[in-house]
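> There's a structure below that I have some questions on.
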Amino acid sequence: MNEESCKISQQHLECSEGFYRENVVEELALQRAEADASKSTKSMMQILQRIEQTDARSDEESAEYVASDHEDEGDELDSDDEIQEDELANRLNGIDLDNATEVWNRLTTAEKEEFQRFIENGDIVEMLPEPNIWWAQEYKVDLVQPAEVQSQQETKLLDACPKVVKNISKVSDILHNVPSPALRHNIANVLAAYSFVYRYFLGDLHEHVLETADCLLSICLNLKNSSVFDTEQMAVSSVIGECCNQQLPTQKETAAILRSDVQTLFSGPKGCGKQYRRLFLLSALSDVHQLLSKAKREMKQADSKVDEKGTTSSSGCKMNIDVPDLKHVDSALLKKCIKKLDFYLAYARSQYF
């Protein structure tokens, strides 16, 4: 399915609008270090001004002009942009720029509509800060390392990657036959979904685990319904297709990015020797394992409080009312997926991989 064919439903648009509003308006303004505050505020203002300017230019382009009557059109547009920026700054003056709701309420109806259009056409993705992609960083571990002390190179590498699950089983304890080489293709489907979700949530996978897990399962058919894939390319293309089906924003380069990410996660960090060849794969699968395990615990807590704070979905699953529109997560599926990830981790560490 071509990414260009994706259409945004009103229901998902409302969900995406809330997510991006928080990330564009709040996340850019909310920094972990006070030293970055002024830079963050400037970035947020630039985003809001871009929304303002885009809406203004759309209005200008929709009008009919006679060339001879508009020799100074460029200068007039520049002047209009400056006026709009000043007007936006005045509206935001004195409010808490860390408060996404407060900022949103100061935007005009036209600006909010333009924000929605940015979500629909995917341009909103370009306005978000780049997440720190841990597998895309450069690492170097010399072949000769101290025997008993972890070197700084190793520490940097291991600290950057998600922690690998402890006590990984032997594949022979789970499967008595030799695993099929095609198992790699199913893992590729999980990795491609992980890559998309990691980027989609700007690396904050564990902040809202139920929502993140729901998104992951919606596009990972291998985990969702045990789909199998004949090739790695089919496994990655499946994720792109499900993104379109779920009205998740993609761009022309999304497929190439996911393919590259899957290859990197399979091959491991360059320049770090065979010892760390499996590290990226084990770390990524462990991150998914941790995410779904946390979601399972939160689901259990939500079930225990359903009379006070929860509701019941159409499928009969108890859901946390504080997490909007969960369509794929339920306790039984999470338990099944965690077991499957246990097997994938065992396979990734075995001699068969």
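Chain lettering (A, B, ...) mirrors the order of the structure tokens, residue numbering begins at 1 for each chain separately, and ligand numbering begins at 1 in order of display.
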Need the shell around A:Leu291: protein/DNA/RNA residues with any atom at most 7 Å away, counting only C-alpha atoms. Skip same-chain ones fewer than 3 positions apart. Format as number ranges by chain?
A: 206, 209, 213, 287-288, 294-295
> Could you pull out the alpha helix (DSSP H) residues of stretch 178-302 of chain A from DSSP and send them as a PyMOL selection string?
chain A and resi 183-200+209-219+221-225+232-245+254-267+279-302
> Would you save the residues from that selection as an mmCIF file, in the first residue's frame, using C-alpha atoms?

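Final output, saved to again-v8.cif:
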```cif
data_model
loop_
_atom_site.group_PDB
_atom_site.id
_atom_site.type_symbol
_atom_site.label_atom_id
_atom_site.label_comp_id
_atom_site.auth_asym_id
_atom_site.auth_seq_id
_atom_site.Cartn_x
_atom_site.Cartn_y
_atom_site.Cartn_z
ATOM 1 C CA LEU A 183 12.200 -16.724 11.895
ATOM 2 C CA ARG A 184 14.455 -13.765 11.137
ATOM 3 C CA HIS A 185 11.745 -12.302 8.888
ATOM 4 C CA ASN A 186 9.197 -12.324 11.703
ATOM 5 C CA ILE A 187 11.689 -10.609 13.984
ATOM 6 C CA ALA A 188 12.217 -8.019 11.235
ATOM 7 C CA ASN A 189 8.512 -7.196 11.464
ATOM 8 C CA VAL A 190 8.901 -6.546 15.198
ATOM 9 C CA LEU A 191 12.020 -4.430 14.651
ATOM 10 C CA ALA A 192 10.391 -2.327 11.923
ATOM 11 C CA ALA A 193 7.388 -1.674 14.155
ATOM 12 C CA TYR A 194 9.722 -0.826 17.044
ATOM 13 C CA SER A 195 11.648 1.626 14.862
ATOM 14 C CA PHE A 196 8.483 3.392 13.739
ATOM 15 C CA VAL A 197 7.016 3.633 17.233
ATOM 16 C CA TYR A 198 10.331 4.784 18.704
ATOM 17 C CA ARG A 199 10.483 7.639 16.223
ATOM 18 C CA TYR A 200 6.748 8.371 16.452
ATOM 19 C CA VAL A 209 3.140 2.500 28.039
ATOM 20 C CA LEU A 210 -0.445 1.454 27.302
ATOM 21 C CA GLU A 211 -0.837 3.962 24.479
ATOM 22 C CA THR A 212 2.604 3.091 23.094
ATOM 23 C CA ALA A 213 1.966 -0.646 23.312
ATOM 24 C CA ASP A 214 -1.380 -0.188 21.592
ATOM 25 C CA CYS A 215 0.310 1.671 18.742
ATOM 26 C CA LEU A 216 3.038 -0.968 18.424
ATOM 27 C CA LEU A 217 0.585 -3.867 18.306
ATOM 28 C CA SER A 218 -1.582 -2.056 15.768
ATOM 29 C CA ILE A 219 1.223 -2.111 13.173
ATOM 30 C CA LEU A 221 1.077 -8.136 12.689
ATOM 31 C CA ASN A 222 3.522 -10.777 13.887
ATOM 32 C CA LEU A 223 2.836 -9.850 17.497
ATOM 33 C CA LYS A 224 -0.790 -8.906 16.962
ATOM 34 C CA ASN A 225 -2.027 -12.022 15.161
ATOM 35 C CA GLU A 232 12.460 -9.320 5.292
ATOM 36 C CA GLN A 233 11.164 -6.824 2.751
ATOM 37 C CA MET A 234 7.613 -8.116 3.167
ATOM 38 C CA ALA A 235 7.967 -7.840 6.938
ATOM 39 C CA VAL A 236 8.954 -4.167 6.725
ATOM 40 C CA SER A 237 6.380 -3.348 4.035
ATOM 41 C CA SER A 238 3.702 -4.822 6.275
ATOM 42 C CA VAL A 239 4.478 -2.210 8.931
ATOM 43 C CA ILE A 240 4.140 0.597 6.379
ATOM 44 C CA GLY A 241 0.829 -0.825 5.200
ATOM 45 C CA GLU A 242 -0.509 -1.070 8.737
ATOM 46 C CA CYS A 243 0.586 2.511 9.438
ATOM 47 C CA CYS A 244 -1.643 3.550 6.553
ATOM 48 C CA ASN A 245 -4.491 1.362 7.807
ATOM 49 C CA THR A 254 9.607 6.162 5.881
ATOM 50 C CA ALA A 255 9.975 2.766 4.193
ATOM 51 C CA ALA A 256 13.659 3.349 3.435
ATOM 52 C CA ILE A 257 14.281 4.519 6.997
ATOM 53 C CA LEU A 258 12.645 1.424 8.488
ATOM 54 C CA ARG A 259 14.563 -0.909 6.171
ATOM 55 C CA SER A 260 17.825 0.762 7.127
ATOM 56 C CA ASP A 261 16.965 0.610 10.832
ATOM 57 C CA VAL A 262 16.141 -3.090 10.637
ATOM 58 C CA GLN A 263 19.451 -3.818 8.917
ATOM 59 C CA THR A 264 21.343 -1.829 11.564
ATOM 60 C CA LEU A 265 19.559 -3.550 14.439
ATOM 61 C CA PHE A 266 20.345 -6.944 12.931
ATOM 62 C CA SER A 267 24.007 -6.180 12.176
ATOM 63 C CA LEU A 279 23.764 -6.146 21.150
ATOM 64 C CA PHE A 280 21.445 -3.944 19.078
ATOM 65 C CA LEU A 281 19.105 -6.839 18.343
ATOM 66 C CA LEU A 282 18.978 -7.989 21.961
ATOM 67 C CA SER A 283 18.525 -4.401 23.179
ATOM 68 C CA ALA A 284 15.674 -3.643 20.780
ATOM 69 C CA LEU A 285 13.812 -6.868 21.572
ATOM 70 C CA SER A 286 14.415 -6.256 25.283
ATOM 71 C CA ASP A 287 12.990 -2.738 24.973
ATOM 72 C CA VAL A 288 9.829 -4.120 23.388
ATOM 73 C CA HIS A 289 9.720 -6.837 26.070
ATOM 74 C CA GLN A 290 10.001 -4.218 28.814
ATOM 75 C CA LEU A 291 7.357 -2.014 27.184
ATOM 76 C CA LEU A 292 4.802 -4.819 26.941
ATOM 77 C CA SER A 293 5.621 -6.061 30.443
ATOM 78 C CA LYS A 294 4.965 -2.587 31.853
ATOM 79 C CA ALA A 295 1.764 -2.364 29.839
ATOM 80 C CA LYS A 296 0.662 -5.720 31.227
ATOM 81 C CA ARG A 297 1.234 -4.477 34.779
ATOM 82 C CA GLU A 298 -0.660 -1.256 34.108
ATOM 83 C CA MET A 299 -3.477 -3.220 32.517
ATOM 84 C CA LYS A 300 -3.674 -5.374 35.624
ATOM 85 C CA GLN A 301 -3.814 -2.265 37.813
ATOM 86 C CA ALA A 302 -6.509 -0.774 35.580
#
```
> As an exercise, work out the distance from atom CA of A:Gly203 to atom CA of A:Asn132 in Å and give it to one decimal place.
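Atom CA of A:Asn132 lies 6.7 Å from atom CA of A:Gly203.
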> What is the distance, in Å and to one decimal place, between atom CA of A:Ile168 and atom CA of A:Arg349?
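Spanning atom CA of A:Ile168 to atom CA of A:Arg349 is a straight-line distance of 8.2 Å.
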> Could you tell me how far atom CA of A:Arg91 lies from atom CA of A:Glu113, in Å and to one decimal?
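These atoms are spaced 17.6 Å apart.
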> Here is a test: counting only C-alpha atoms, which residue of A:Glu130, A:Asp96, A:Asp330, A:Asp142 is nearest to A:Asp303?
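The answer is A:Asp330, which sits nearest to A:Asp303.
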> Residues at most 7 Å from A:Gly271, counting only C-alpha atoms, excluding those fewer than 6 positions away in the same chain, as a list in words?
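The neighbour list is Tyr139, Lys140 and Val141 of chain A.
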